[in-house]
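Listing of run.cif, mmCIF, C-alpha atoms
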```cif
data_input
loop_
_atom_site.label_atom_id
_atom_site.label_comp_id
_atom_site.auth_asym_id
_atom_site.auth_seq_id
_atom_site.Cartn_x
_atom_site.Cartn_y
_atom_site.Cartn_z
CA MET A 134 -3.55 29.73 -37.88
CA MET A 135 -3.70 26.24 -39.35
CA ARG A 136 -5.53 26.03 -42.68
CA VAL A 137 -7.19 22.80 -43.78
CA LEU A 138 -8.78 22.00 -47.13
CA LEU A 139 -11.50 19.35 -47.00
CA ALA A 140 -12.62 18.21 -50.43
CA SER A 141 -15.08 15.72 -51.86
CA TYR A 142 -16.63 15.19 -55.25
CA GLY A 143 -19.47 12.70 -54.97
CA SER A 144 -22.86 12.03 -53.44
CA ARG A 145 -24.18 13.04 -50.03
CA GLY A 146 -22.50 9.97 -48.57
CA ASP A 147 -19.15 11.47 -49.59
CA VAL A 148 -19.89 15.07 -48.62
CA GLU A 149 -21.66 14.71 -45.27
CA PRO A 150 -18.69 13.06 -43.49
CA ILE A 151 -16.46 15.88 -44.75
CA ALA A 152 -18.85 18.34 -43.09
CA ALA A 153 -18.65 16.34 -39.85
CA LEU A 154 -14.85 16.62 -39.85
CA ALA A 155 -15.09 20.33 -40.62
CA VAL A 156 -17.32 20.86 -37.58
CA GLN A 157 -14.73 19.23 -35.34
CA LEU A 158 -11.87 21.28 -36.79
CA LEU A 159 -13.75 24.57 -36.60
CA GLY A 160 -14.49 23.82 -32.97
CA GLN A 161 -10.75 23.70 -32.33
CA GLY A 162 -10.05 27.03 -33.96
CA VAL A 163 -8.77 25.65 -37.26
CA GLU A 164 -9.39 27.59 -40.47
CA VAL A 165 -11.34 25.29 -42.76
CA LYS A 166 -12.74 25.44 -46.26
CA ALA A 167 -14.64 22.69 -48.03
CA CYS A 168 -14.47 22.04 -51.75
CA VAL A 169 -17.67 20.19 -52.77
CA PRO A 170 -20.14 20.00 -55.68
CA PRO A 171 -22.51 22.98 -55.99
CA ASP A 172 -25.70 20.92 -55.56
CA ARG A 173 -28.23 22.77 -53.42
CA GLU A 174 -28.39 20.10 -50.71
CA PHE A 175 -24.61 20.26 -50.25
CA VAL A 176 -24.63 24.04 -50.11
CA GLU A 177 -27.39 23.92 -47.49
CA LEU A 178 -25.47 21.30 -45.52
CA LEU A 179 -22.33 23.43 -45.31
CA ASP A 180 -24.33 26.59 -44.57
CA ARG A 181 -26.05 24.82 -41.66
CA TYR A 182 -22.70 24.43 -39.94
CA ALA A 183 -21.22 27.72 -41.20
CA ILE A 184 -18.49 25.90 -43.17
CA PRO A 185 -16.81 28.12 -45.79
CA SER A 186 -17.04 26.47 -49.20
CA VAL A 187 -15.43 26.52 -52.62
CA PRO A 188 -17.75 24.89 -55.18
CA PHE A 189 -16.66 22.76 -58.08
CA PRO A 190 -18.12 23.99 -61.40
CA LYS A 191 -20.25 20.90 -62.15
CA SER A 192 -22.95 19.56 -59.85
CA TRP A 193 -22.88 15.93 -58.82
CA ARG A 194 -26.52 15.49 -59.75
CA SER A 195 -25.72 16.48 -63.33
CA TRP A 196 -23.96 13.11 -63.68
CA ALA A 197 -27.15 11.30 -62.70
CA ASP A 198 -27.95 10.17 -66.24
CA GLN A 199 -24.38 9.02 -66.79
CA PRO A 200 -22.56 5.99 -65.34
CA SER A 201 -21.64 6.80 -61.75
CA THR A 202 -18.51 4.62 -61.50
CA ALA A 203 -15.82 3.51 -63.88
CA GLU A 204 -17.11 -0.06 -63.66
CA GLU A 205 -20.52 0.81 -65.09
CA LYS A 206 -20.74 0.76 -68.87
CA VAL A 207 -17.75 3.00 -69.47
CA PHE A 208 -16.89 3.13 -73.14
CA SER A 209 -13.57 4.88 -72.60
CA VAL A 210 -11.66 4.99 -69.31
CA ASP A 211 -9.52 7.80 -70.78
CA ASP A 212 -12.64 9.91 -71.36
CA TYR A 213 -14.04 9.07 -67.96
CA VAL A 214 -10.86 10.05 -66.12
CA GLY A 215 -10.37 13.09 -68.34
CA GLN A 216 -13.86 14.41 -67.62
CA HIS A 217 -13.37 14.17 -63.86
CA VAL A 218 -9.91 15.72 -64.04
CA ALA A 219 -11.24 18.66 -66.06
CA VAL A 220 -14.09 19.25 -63.62
CA THR A 221 -12.10 18.97 -60.40
CA TYR A 222 -8.39 19.72 -60.81
CA PRO A 223 -8.44 23.49 -61.56
CA THR A 224 -10.75 24.27 -58.63
CA LEU A 225 -8.93 21.98 -56.22
CA VAL A 226 -5.41 23.14 -56.99
CA GLU A 227 -6.47 26.78 -56.63
CA ALA A 228 -8.23 26.10 -53.32
CA ALA A 229 -5.18 24.25 -51.96
CA GLN A 230 -2.68 27.05 -52.57
CA ASP A 231 -2.84 28.61 -49.09
CA CYS A 232 -3.54 25.42 -47.10
CA ASP A 233 -1.37 23.36 -44.77
CA VAL A 234 -3.00 19.97 -45.37
CA MET A 235 -5.75 18.43 -47.51
CA VAL A 236 -8.29 15.69 -46.83
CA ALA A 237 -10.01 14.33 -49.94
CA SER A 238 -12.65 11.72 -50.74
CA GLY A 239 -15.03 10.54 -53.43
CA MET A 240 -14.11 10.93 -57.10
CA LEU A 241 -11.13 13.15 -56.28
CA HIS A 242 -8.85 10.11 -56.38
CA PHE A 243 -7.92 11.04 -59.96
CA VAL A 244 -6.46 14.42 -58.94
CA ALA A 245 -5.93 14.67 -55.17
CA SER A 246 -2.40 13.24 -55.11
CA SER A 247 -1.36 15.44 -58.04
CA VAL A 248 -2.76 18.53 -56.33
CA ALA A 249 -0.96 17.74 -53.07
CA GLU A 250 2.28 17.09 -54.93
CA ARG A 251 1.94 20.22 -57.03
CA VAL A 252 1.21 22.49 -54.06
CA GLY A 253 3.51 20.67 -51.64
CA ILE A 254 1.16 19.78 -48.79
CA PRO A 255 0.28 16.52 -47.01
CA LEU A 256 -2.73 14.58 -48.26
CA ARG A 257 -5.00 12.19 -46.44
CA PHE A 258 -7.42 10.32 -48.69
CA VAL A 259 -10.44 8.96 -46.85
CA LEU A 260 -12.66 6.03 -47.74
CA PHE A 261 -15.94 5.12 -46.12
CA SER A 262 -15.81 1.40 -46.91
CA PRO A 263 -12.85 -1.00 -47.02
CA SER A 264 -14.45 -2.70 -50.03
CA LEU A 265 -13.47 0.30 -52.17
CA LEU A 266 -9.83 -0.78 -51.87
CA LYS A 267 -10.46 -4.00 -53.72
CA PRO A 268 -8.49 -3.72 -56.98
CA GLN A 269 -10.70 -3.06 -59.99
CA PRO A 270 -10.00 -3.99 -63.63
CA TRP A 271 -10.29 -0.37 -64.79
CA GLN A 272 -7.64 0.98 -62.43
CA PRO A 273 -4.53 0.03 -64.47
CA LEU A 274 -6.31 1.39 -67.55
CA ALA A 275 -6.58 4.80 -65.85
CA VAL A 276 -2.81 5.21 -65.57
CA ALA A 277 -2.39 6.55 -69.12
CA ALA A 278 -4.96 9.31 -68.64
CA ILE A 279 -3.57 10.19 -65.21
CA ASN A 280 -0.05 10.41 -66.57
CA ALA A 281 -1.19 12.53 -69.50
CA HIS A 282 -2.65 15.01 -67.03
CA ARG A 283 0.44 14.91 -64.81
CA ALA A 284 2.68 15.57 -67.80
CA SER A 285 0.59 18.63 -68.63
CA ILE A 286 1.32 20.05 -65.14
CA ASN A 287 4.99 19.03 -65.16
CA LEU A 288 4.73 16.13 -62.73
CA PRO A 289 6.43 12.75 -63.25
CA PRO A 290 4.44 9.69 -64.32
CA ILE A 291 3.05 7.14 -61.88
CA SER A 292 3.24 3.38 -62.08
CA ASN A 293 1.23 2.20 -59.04
CA ALA A 294 -2.41 3.05 -59.70
CA MET A 295 -3.76 1.98 -56.31
CA GLU A 296 -1.20 3.99 -54.36
CA PHE A 297 -1.79 7.07 -56.50
CA LEU A 298 -5.59 6.83 -56.27
CA PHE A 299 -5.80 6.24 -52.53
CA THR A 300 -2.27 7.05 -51.19
CA ALA A 301 -0.05 4.46 -49.53
CA ARG A 302 -1.99 4.59 -46.27
CA PRO A 303 -5.59 5.81 -46.68
CA TRP A 304 -7.92 6.67 -43.86
CA LEU A 305 -10.94 4.45 -43.31
CA ALA A 306 -13.85 6.34 -41.74
CA ALA A 307 -16.10 3.40 -40.90
CA ASP A 308 -17.33 1.95 -37.64
CA PRO A 309 -15.13 -0.99 -36.52
CA LEU A 310 -18.14 -3.04 -35.45
CA LEU A 311 -20.03 -2.55 -38.69
CA SER A 312 -16.88 -2.91 -40.77
CA PRO A 313 -14.13 -5.11 -39.26
CA LEU A 314 -10.93 -5.35 -41.28
CA SER A 315 -9.90 -8.59 -42.91
CA ASP A 316 -6.61 -10.22 -42.01
CA ARG A 317 -5.99 -10.30 -45.75
CA GLN A 318 -6.36 -6.53 -46.19
CA GLU A 319 -3.76 -5.71 -48.85
CA MET A 320 -3.22 -2.01 -48.08
CA GLN A 321 -2.44 -0.49 -44.72
CA LEU A 322 -5.25 1.67 -43.36
CA ASP A 323 -5.71 4.19 -40.58
CA ARG A 324 -9.16 3.71 -39.07
CA THR A 325 -10.92 6.58 -37.36
CA GLY A 326 -14.51 5.40 -37.00
CA ALA A 327 -17.38 6.85 -39.02
CA TRP A 328 -17.57 10.64 -39.37
CA VAL A 329 -21.00 11.68 -38.13
CA SER A 330 -22.06 15.11 -36.91
CA THR A 331 -24.99 15.78 -34.60
CA ASP A 332 -28.09 16.87 -36.52
CA ASP A 333 -30.45 18.75 -34.22
CA ARG A 334 -32.92 19.91 -36.87
CA PRO A 335 -36.54 19.27 -35.87
CA LEU A 336 -38.73 17.15 -38.10
CA PRO A 337 -41.39 19.06 -40.06
CA ARG A 338 -44.66 19.52 -38.18
CA ASP A 339 -46.74 17.65 -40.73
CA LEU A 340 -44.34 14.70 -40.59
CA LEU A 341 -44.49 14.70 -36.79
CA ALA A 342 -48.26 14.71 -36.97
CA PHE A 343 -48.17 11.70 -39.30
CA LEU A 344 -45.80 9.83 -37.00
CA ASP A 345 -47.95 10.57 -33.95
CA ALA A 346 -51.09 9.36 -35.68
CA GLY A 347 -50.25 5.66 -35.66
CA ALA A 348 -47.75 2.87 -35.21
CA PRO A 349 -44.13 3.32 -36.35
CA PRO A 350 -44.00 3.25 -40.17
CA ILE A 351 -41.38 1.79 -42.50
CA TYR A 352 -39.01 4.20 -44.23
CA VAL A 353 -38.16 3.72 -47.91
CA GLY A 354 -35.45 5.82 -49.54
CA PHE A 355 -32.62 5.33 -52.02
CA GLY A 356 -30.74 8.63 -51.91
CA SER A 357 -29.04 9.52 -55.17
CA MET A 358 -29.58 6.11 -56.75
CA ARG A 359 -31.40 5.87 -60.07
CA MET A 360 -34.24 3.48 -59.27
CA ALA A 361 -36.76 1.86 -61.60
CA SER A 362 -39.86 3.98 -62.16
CA ASP A 363 -42.15 1.50 -60.41
CA SER A 364 -39.97 1.20 -57.28
CA ALA A 365 -42.30 3.33 -55.18
CA ARG A 366 -45.34 1.29 -56.19
CA MET A 367 -43.59 -1.99 -55.41
CA ALA A 368 -42.46 -0.73 -52.00
CA ILE A 369 -45.81 0.75 -51.01
CA GLU A 370 -47.72 -2.38 -52.02
CA ALA A 371 -45.33 -4.64 -50.10
CA ILE A 372 -45.44 -2.57 -46.93
CA ARG A 373 -49.20 -2.18 -47.02
CA GLU A 374 -49.56 -5.93 -47.43
CA LEU A 375 -47.70 -6.34 -44.13
CA GLY A 376 -49.99 -3.82 -42.41
CA HIS A 377 -47.49 -0.99 -41.96
CA ARG A 378 -47.54 2.69 -42.83
CA ILE A 379 -44.86 4.21 -45.05
CA VAL A 380 -42.51 7.19 -45.07
CA LEU A 381 -41.33 7.53 -48.66
CA ALA A 382 -38.21 9.60 -49.39
CA ARG A 383 -38.33 11.07 -52.86
CA GLY A 384 -34.56 11.02 -53.44
CA TRP A 385 -32.97 11.75 -56.79
CA SER A 386 -35.34 9.32 -58.51
CA ASP A 387 -38.27 11.53 -57.44
CA LEU A 388 -40.21 8.61 -56.00
CA ALA A 389 -43.84 9.55 -55.46
CA THR A 390 -46.84 8.20 -53.61
CA ILE A 391 -49.24 6.21 -55.77
CA ASP A 392 -52.54 7.45 -54.35
CA ALA A 393 -54.04 9.77 -51.77
CA GLU A 394 -54.24 7.22 -48.97
CA LYS A 395 -53.21 8.61 -45.60
CA ASP A 396 -50.94 5.69 -44.71
CA CYS A 397 -48.08 7.03 -46.86
CA PHE A 398 -46.13 10.24 -46.24
CA SER A 399 -43.64 11.66 -48.75
CA VAL A 400 -40.50 13.51 -47.62
CA GLY A 401 -37.55 15.23 -49.22
CA GLU A 402 -34.20 15.66 -47.48
CA VAL A 403 -34.84 15.01 -43.79
CA ASN A 404 -32.98 14.59 -40.52
CA GLN A 405 -32.43 10.82 -40.42
CA GLN A 406 -31.07 11.00 -36.88
CA ALA A 407 -34.44 12.27 -35.70
CA LEU A 408 -36.58 10.20 -38.09
CA PHE A 409 -35.08 6.71 -38.03
CA PRO A 410 -35.61 5.99 -34.30
CA ARG A 411 -39.33 6.43 -34.96
CA MET A 412 -39.40 3.81 -37.74
CA ALA A 413 -40.23 0.11 -37.53
CA ALA A 414 -37.56 -0.53 -40.20
CA VAL A 415 -35.71 1.26 -42.98
CA VAL A 416 -35.45 0.15 -46.60
CA HIS A 417 -32.50 1.73 -48.43
CA HIS A 418 -29.75 1.29 -50.99
CA GLY A 419 -26.92 0.49 -48.60
CA GLY A 420 -24.88 3.67 -48.73
CA ALA A 421 -22.35 3.98 -45.90
CA GLY A 422 -24.14 6.99 -44.39
CA THR A 423 -27.63 5.50 -44.40
CA THR A 424 -26.36 2.18 -43.10
CA ILE A 425 -24.72 3.75 -40.07
CA ALA A 426 -27.73 6.01 -39.51
CA GLY A 427 -29.92 2.93 -39.33
CA ALA A 428 -27.45 1.17 -37.05
CA MET A 429 -27.26 4.18 -34.72
CA ALA A 430 -31.08 4.26 -34.56
CA GLY A 431 -31.21 0.62 -33.52
CA ILE A 432 -33.80 -0.47 -36.07
CA PRO A 433 -33.85 -3.31 -38.61
CA GLN A 434 -32.70 -2.53 -42.14
CA VAL A 435 -33.55 -3.95 -45.54
CA VAL A 436 -30.73 -3.18 -47.96
CA VAL A 437 -31.38 -3.10 -51.71
CA PRO A 438 -27.81 -2.64 -53.01
CA GLN A 439 -27.31 -0.99 -56.39
CA ALA A 440 -23.58 -0.35 -56.95
CA ALA A 441 -20.15 0.53 -55.56
CA ASP A 442 -19.79 -0.30 -51.83
CA GLN A 443 -23.49 -1.02 -51.31
CA PRO A 444 -23.24 -4.84 -51.70
CA TYR A 445 -20.55 -4.75 -49.01
CA TRP A 446 -22.79 -2.88 -46.54
CA ALA A 447 -25.64 -5.23 -47.39
CA SER A 448 -23.41 -8.18 -46.52
CA ARG A 449 -22.46 -6.59 -43.20
CA VAL A 450 -26.09 -5.93 -42.24
CA SER A 451 -26.83 -9.57 -42.98
CA ALA A 452 -23.76 -10.92 -41.16
CA LEU A 453 -24.56 -8.90 -38.04
CA ARG A 454 -28.21 -10.01 -38.23
CA ILE A 455 -29.42 -6.43 -37.87
CA GLY A 456 -31.47 -6.59 -41.05
CA ALA A 457 -31.96 -8.37 -44.35
CA VAL A 458 -30.64 -8.16 -47.91
CA HIS A 459 -33.13 -7.80 -50.72
CA ASP A 460 -32.79 -10.36 -53.50
CA GLY A 461 -31.38 -8.25 -56.32
CA PRO A 462 -31.38 -4.51 -57.12
CA VAL A 463 -34.91 -4.34 -58.59
CA LEU A 464 -37.89 -4.26 -56.24
CA THR A 465 -41.02 -6.33 -56.59
CA SER A 466 -43.76 -6.35 -53.99
CA SER A 467 -43.21 -10.05 -53.25
CA SER A 468 -39.42 -9.85 -53.00
CA LEU A 469 -39.56 -6.85 -50.67
CA SER A 470 -42.23 -8.51 -48.54
CA LEU A 471 -39.94 -11.50 -48.00
CA ALA A 472 -37.02 -9.27 -47.01
CA LEU A 473 -39.19 -7.22 -44.66
CA LEU A 474 -40.56 -10.31 -42.96
CA GLU A 475 -37.00 -11.37 -42.24
CA ALA A 476 -35.99 -7.92 -40.98
CA LEU A 477 -39.03 -7.54 -38.74
CA ASN A 478 -38.30 -10.76 -36.90
CA PRO A 479 -38.07 -9.99 -33.15
CA LYS A 480 -34.57 -11.51 -33.00
CA VAL A 481 -33.39 -9.11 -35.69
CA GLN A 482 -35.06 -6.19 -33.92
CA LYS A 483 -33.29 -7.15 -30.69
CA ALA A 484 -29.90 -7.43 -32.43
CA ALA A 485 -30.35 -4.05 -34.10
CA SER A 486 -31.24 -2.41 -30.80
CA ALA A 487 -28.20 -3.94 -29.10
CA MET A 488 -25.89 -2.85 -31.92
CA ALA A 489 -26.96 0.79 -31.51
CA GLN A 490 -25.45 0.84 -28.02
CA ARG A 491 -22.05 -0.23 -29.36
CA ILE A 492 -21.65 2.10 -32.34
CA HIS A 493 -18.74 4.54 -32.05
CA ARG A 494 -19.81 8.16 -32.48
CA ASP A 495 -16.46 9.96 -32.13
CA GLY A 496 -14.88 9.15 -35.50
CA ALA A 497 -14.76 12.76 -36.72
CA ALA A 498 -13.20 13.91 -33.45
CA VAL A 499 -10.55 11.19 -33.71
CA ALA A 500 -9.80 12.22 -37.30
CA ALA A 501 -9.53 15.90 -36.35
CA LYS A 502 -6.96 15.12 -33.67
CA ARG A 503 -4.91 13.00 -36.04
CA LEU A 504 -5.00 15.70 -38.67
CA LEU A 505 -3.78 18.30 -36.21
CA ASP A 506 -0.93 15.97 -35.26
CA VAL A 507 0.01 15.61 -38.94
CA VAL A 508 0.35 19.34 -39.41
CA ALA A 509 2.08 19.87 -36.08
CA GLN A 510 4.83 17.42 -37.09
CA PRO A 511 5.11 17.70 -40.87
CA LEU A 512 7.28 15.34 -42.82
CA VAL A 513 9.59 17.16 -45.23
CA THR A 514 11.22 15.81 -48.34
CA ALA A 515 14.96 16.15 -48.32
CA LYS A 516 15.36 17.43 -51.82
CA ALA A 517 12.53 19.96 -52.09
CA GLY A 518 11.83 21.04 -48.55
CA LYS A 519 8.14 20.28 -49.08
CA HIS A 520 5.67 17.94 -47.50
CA ASP A 521 5.53 14.52 -49.10
CA PRO A 522 1.84 13.86 -49.80
CA HIS A 523 2.36 10.09 -49.83
CA SER A 524 4.26 9.81 -46.53
CA VAL A 525 1.94 11.35 -43.99
CA SER A 526 1.34 8.98 -41.10
#
```
Can you dump the structure from the file as structure tokens?
Amino acid sequence: MMRVLLASYGSRGDVEPIAALAVQLLGQGVEVKACVPPDREFVELLDRYAIPSVPFPKSWRSWADQPSTAEEKVFSVDDYVGQHVAVTYPTLVEAAQDCDVMVASGMLHFVASSVAERVGIPLRFVLFSPSLLKPQPWQPLAVAAINAHRASINLPPISNAMEFLFTARPWLAADPLLSPLSDRQEMQLDRTGAWVSTDDRPLPRDLLAFLDAGAPPIYVGFGSMRMASDSARMAIEAIRELGHRIVLARGWSDLATIDAEKDCFSVGEVNQQALFPRMAAVVHHGGAGTTIAGAMAGIPQVVVPQAADQPYWASRVSALRIGAVHDGPVLTSSSLSLALLEALNPKVQKAASAMAQRIHRDGAAVAAKRLLDVVAQPLVTAKAGKHDPHSVS
């Protein structure tokens, strides 16, 4: 039986697509295990779909008070890379020992190629935004730390940081309408469409009662982003000023309602596929997963980008005229009101509804088929008789 290792070290936006691919592979009789952070929400996600898991030793949420990317206030790139290598490499290389192929994402770019090379299996590294392939100043600085680790496991040094981090031909799991490729794209990519699994969980009864009690509310949620302490107040005041009710997602910033008024309902982790179609609009940080969830629901979005690929998704929402971009990462009631007024324009609502009919929903199925083809026709290195992790097509 074919054995596939799916691995991600990152936020829900990195882990949930891996689960979607796992569902497709399991449905075809493939033996799958997923290597992900041990955060409760990720464990529950994998358990929901009966996906066998191998947890990394350090939760993703435990990094919440630290810089989340190498671009953000990193004092030492060597330390940054070294910390991620120490947390992820031992678990990943052990999990890969009996596998035929590996798919990796998130912060595993520091170790995935070394693991695949060490074990001798093909690797596909997946990105959820083409903007992540834009060269960054820190990347050449990471080579020394990567090579120090590779020397410790008897692997040769690297010279091309981008190719090591993402492989020579990464996968792009993003909808082609939401994310068209530029003619100037420097690296070759294999596009599969976004990896989304069907979520059939019912909404909680008290939330359903709230939704049924009035007009469609506006959703506000920022996932794992660290938001300013007054973000909830600013959002609630802005939305109330426009005469709408609010569904407030607590997220990792633990946003909370500001009073006992019945026009605001607080939720934790919730089925966005069921919730978003019942919203008038969604206000969010611009993660790849939330952006496509809003697009699939056919409702206007207000994106408040914070970091990483979020400015890119904000720009795409604006370019497609399916929403608005908030002016800056910090909310004020007036700035959010302006963005919401733009997003709630009937022309924007019409464009968002039309876009929902065109979104591709088979990305994970396409990826599963391609992965099965990779393993069915493995490429073998001439000198070692092993799969070349950088040559899988």
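Atom pair atom CA of A:Pro150 / atom CA of A:Gln405 has a distance of 14.3 Å (rounded to one decimal).
If you measure from each of A:Leu138, A:Ala476, A:Leu504, A:Ile492 to A:Asp323 using all atoms listed in the file, the closest one turns out to be A:Leu504.
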Original post:
Once the PyMOL selection byres ((chain A and resi 356-359) around 10) has been applied to the shown file, what residues remain in the selection, as number ranges by chain?
Top reply: A: 144-146, 193-194, 197-198, 201, 353-355, 360-362, 382-387, 401-402, 417-420, 423, 438-440
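In terms of minimum interatomic distance to A:Met295, A:Leu274 ranks closest within A:Ala281, A:Ile151, A:Phe189, A:Leu274, counting all atoms listed in the file.
Remark: for A:Ser486, the closest of the candidate residues A:Ser448, A:Gln269, A:Gln434, A:Ser141 is A:Gln434 (distances computed over only C-alpha atoms).
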At a cut-off of 9 Å, using only C-alpha atoms, what residues contact stretch 301-307 of chain A? Leave out same-chain residues fewer than 3 positions from it and give the result as a JSON list (two decimals) with C-alpha atoms, in the frame of the given file.
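Heads up, here's the output in result.json:
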```
[["chain", "number", "residue", "atom", "x", "y", "z"],
["A", 150, "PRO", "CA", -18.69, 13.06, -43.49],
["A", 257, "ARG", "CA", -5.00, 12.19, -46.44],
["A", 258, "PHE", "CA", -7.42, 10.32, -48.69],
["A", 259, "VAL", "CA", -10.44, 8.96, -46.85],
["A", 260, "LEU", "CA", -12.66, 6.03, -47.74],
["A", 261, "PHE", "CA", -15.94, 5.12, -46.12],
["A", 262, "SER", "CA", -15.81, 1.40, -46.91],
["A", 263, "PRO", "CA", -12.85, -1.00, -47.02],
["A", 295, "MET", "CA", -3.76, 1.98, -56.31],
["A", 296, "GLU", "CA", -1.20, 3.99, -54.36],
["A", 297, "PHE", "CA", -1.79, 7.07, -56.50],
["A", 310, "LEU", "CA", -18.14, -3.04, -35.45],
["A", 311, "LEU", "CA", -20.03, -2.55, -38.69],
["A", 312, "SER", "CA", -16.88, -2.91, -40.77],
["A", 313, "PRO", "CA", -14.13, -5.11, -39.26],
["A", 320, "MET", "CA", -3.22, -2.01, -48.08],
["A", 321, "GLN", "CA", -2.44, -0.49, -44.72],
["A", 322, "LEU", "CA", -5.25, 1.67, -43.36],
["A", 323, "ASP", "CA", -5.71, 4.19, -40.58],
["A", 324, "ARG", "CA", -9.16, 3.71, -39.07],
["A", 325, "THR", "CA", -10.92, 6.58, -37.36],
["A", 326, "GLY", "CA", -14.51, 5.40, -37.00],
["A", 327, "ALA", "CA", -17.38, 6.85, -39.02],
["A", 328, "TRP", "CA", -17.57, 10.64, -39.37],
["A", 421, "ALA", "CA", -22.35, 3.98, -45.90],
["A", 425, "ILE", "CA", -24.72, 3.75, -40.07],
["A", 496, "GLY", "CA", -14.88, 9.15, -35.50],
["A", 497, "ALA", "CA", -14.76, 12.76, -36.72],
["A", 500, "ALA", "CA", -9.80, 12.22, -37.30],
["A", 523, "HIS", "CA", 2.36, 10.09, -49.83],
["A", 524, "SER", "CA", 4.26, 9.81, -46.53],
["A", 525, "VAL", "CA", 1.94, 11.35, -43.99],
["A", 526, "SER", "CA", 1.34, 8.98, -41.10]]
```
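Residues captured in this structure file are A:Phe189, A:Pro190, A:Lys191, A:Asp211, A:Asp212, A:Tyr213, A:Val214, A:Gly215, A:Gln216, A:His217, A:Val218, A:Val220, A:Thr221, A:Tyr222, A:Pro223, A:Thr224, A:Leu225, A:Val226, A:Leu241, A:Phe243, A:Val244, A:Ala278, A:Ile279, A:His282, according to the PyMOL selection byres ((chain A and resi 219) around 12).
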Written selection (C-alpha atoms) as a PDB file, keeping the file's coordinate frame:
```pdb
ATOM      1  CA  PHE A 189     -16.660  22.760 -58.080  1.00  0.00           C
ATOM      2  CA  PRO A 190     -18.120  23.990 -61.400  1.00  0.00           C
ATOM      3  CA  LYS A 191     -20.250  20.900 -62.150  1.00  0.00           C
ATOM      4  CA  ASP A 211      -9.520   7.800 -70.780  1.00  0.00           C
ATOM      5  CA  ASP A 212     -12.640   9.910 -71.360  1.00  0.00           C
ATOM      6  CA  TYR A 213     -14.040   9.070 -67.960  1.00  0.00           C
ATOM      7  CA  VAL A 214     -10.860  10.050 -66.120  1.00  0.00           C
ATOM      8  CA  GLY A 215     -10.370  13.090 -68.340  1.00  0.00           C
ATOM      9  CA  GLN A 216     -13.860  14.410 -67.620  1.00  0.00           C
ATOM     10  CA  HIS A 217     -13.370  14.170 -63.860  1.00  0.00           C
ATOM     11  CA  VAL A 218      -9.910  15.720 -64.040  1.00  0.00           C
ATOM     12  CA  VAL A 220     -14.090  19.250 -63.620  1.00  0.00           C
ATOM     13  CA  THR A 221     -12.100  18.970 -60.400  1.00  0.00           C
ATOM     14  CA  TYR A 222      -8.390  19.720 -60.810  1.00  0.00           C
ATOM     15  CA  PRO A 223      -8.440  23.490 -61.560  1.00  0.00           C
ATOM     16  CA  THR A 224     -10.750  24.270 -58.630  1.00  0.00           C
ATOM     17  CA  LEU A 225      -8.930  21.980 -56.220  1.00  0.00           C
ATOM     18  CA  VAL A 226      -5.410  23.140 -56.990  1.00  0.00           C
ATOM     19  CA  LEU A 241     -11.130  13.150 -56.280  1.00  0.00           C
ATOM     20  CA  PHE A 243      -7.920  11.040 -59.960  1.00  0.00           C
ATOM     21  CA  VAL A 244      -6.460  14.420 -58.940  1.00  0.00           C
ATOM     22  CA  ALA A 278      -4.960   9.310 -68.640  1.00  0.00           C
ATOM     23  CA  ILE A 279      -3.570  10.190 -65.210  1.00  0.00           C
ATOM     24  CA  HIS A 282      -2.650  15.010 -67.030  1.00  0.00           C
TER      25      HIS A 282
END
```
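Here the question is which of A:Ser192, A:Arg503, A:Ala140, A:Ala152 gets nearest to A:Val248 using all atoms listed in the file, and that residue is A:Ala140.
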Original post:
A:Ser364, A:Ser264, A:Asn478, A:Ser246: which is nearest A:Pro444, counting all atoms listed in the file?
Top reply: A:Ser264
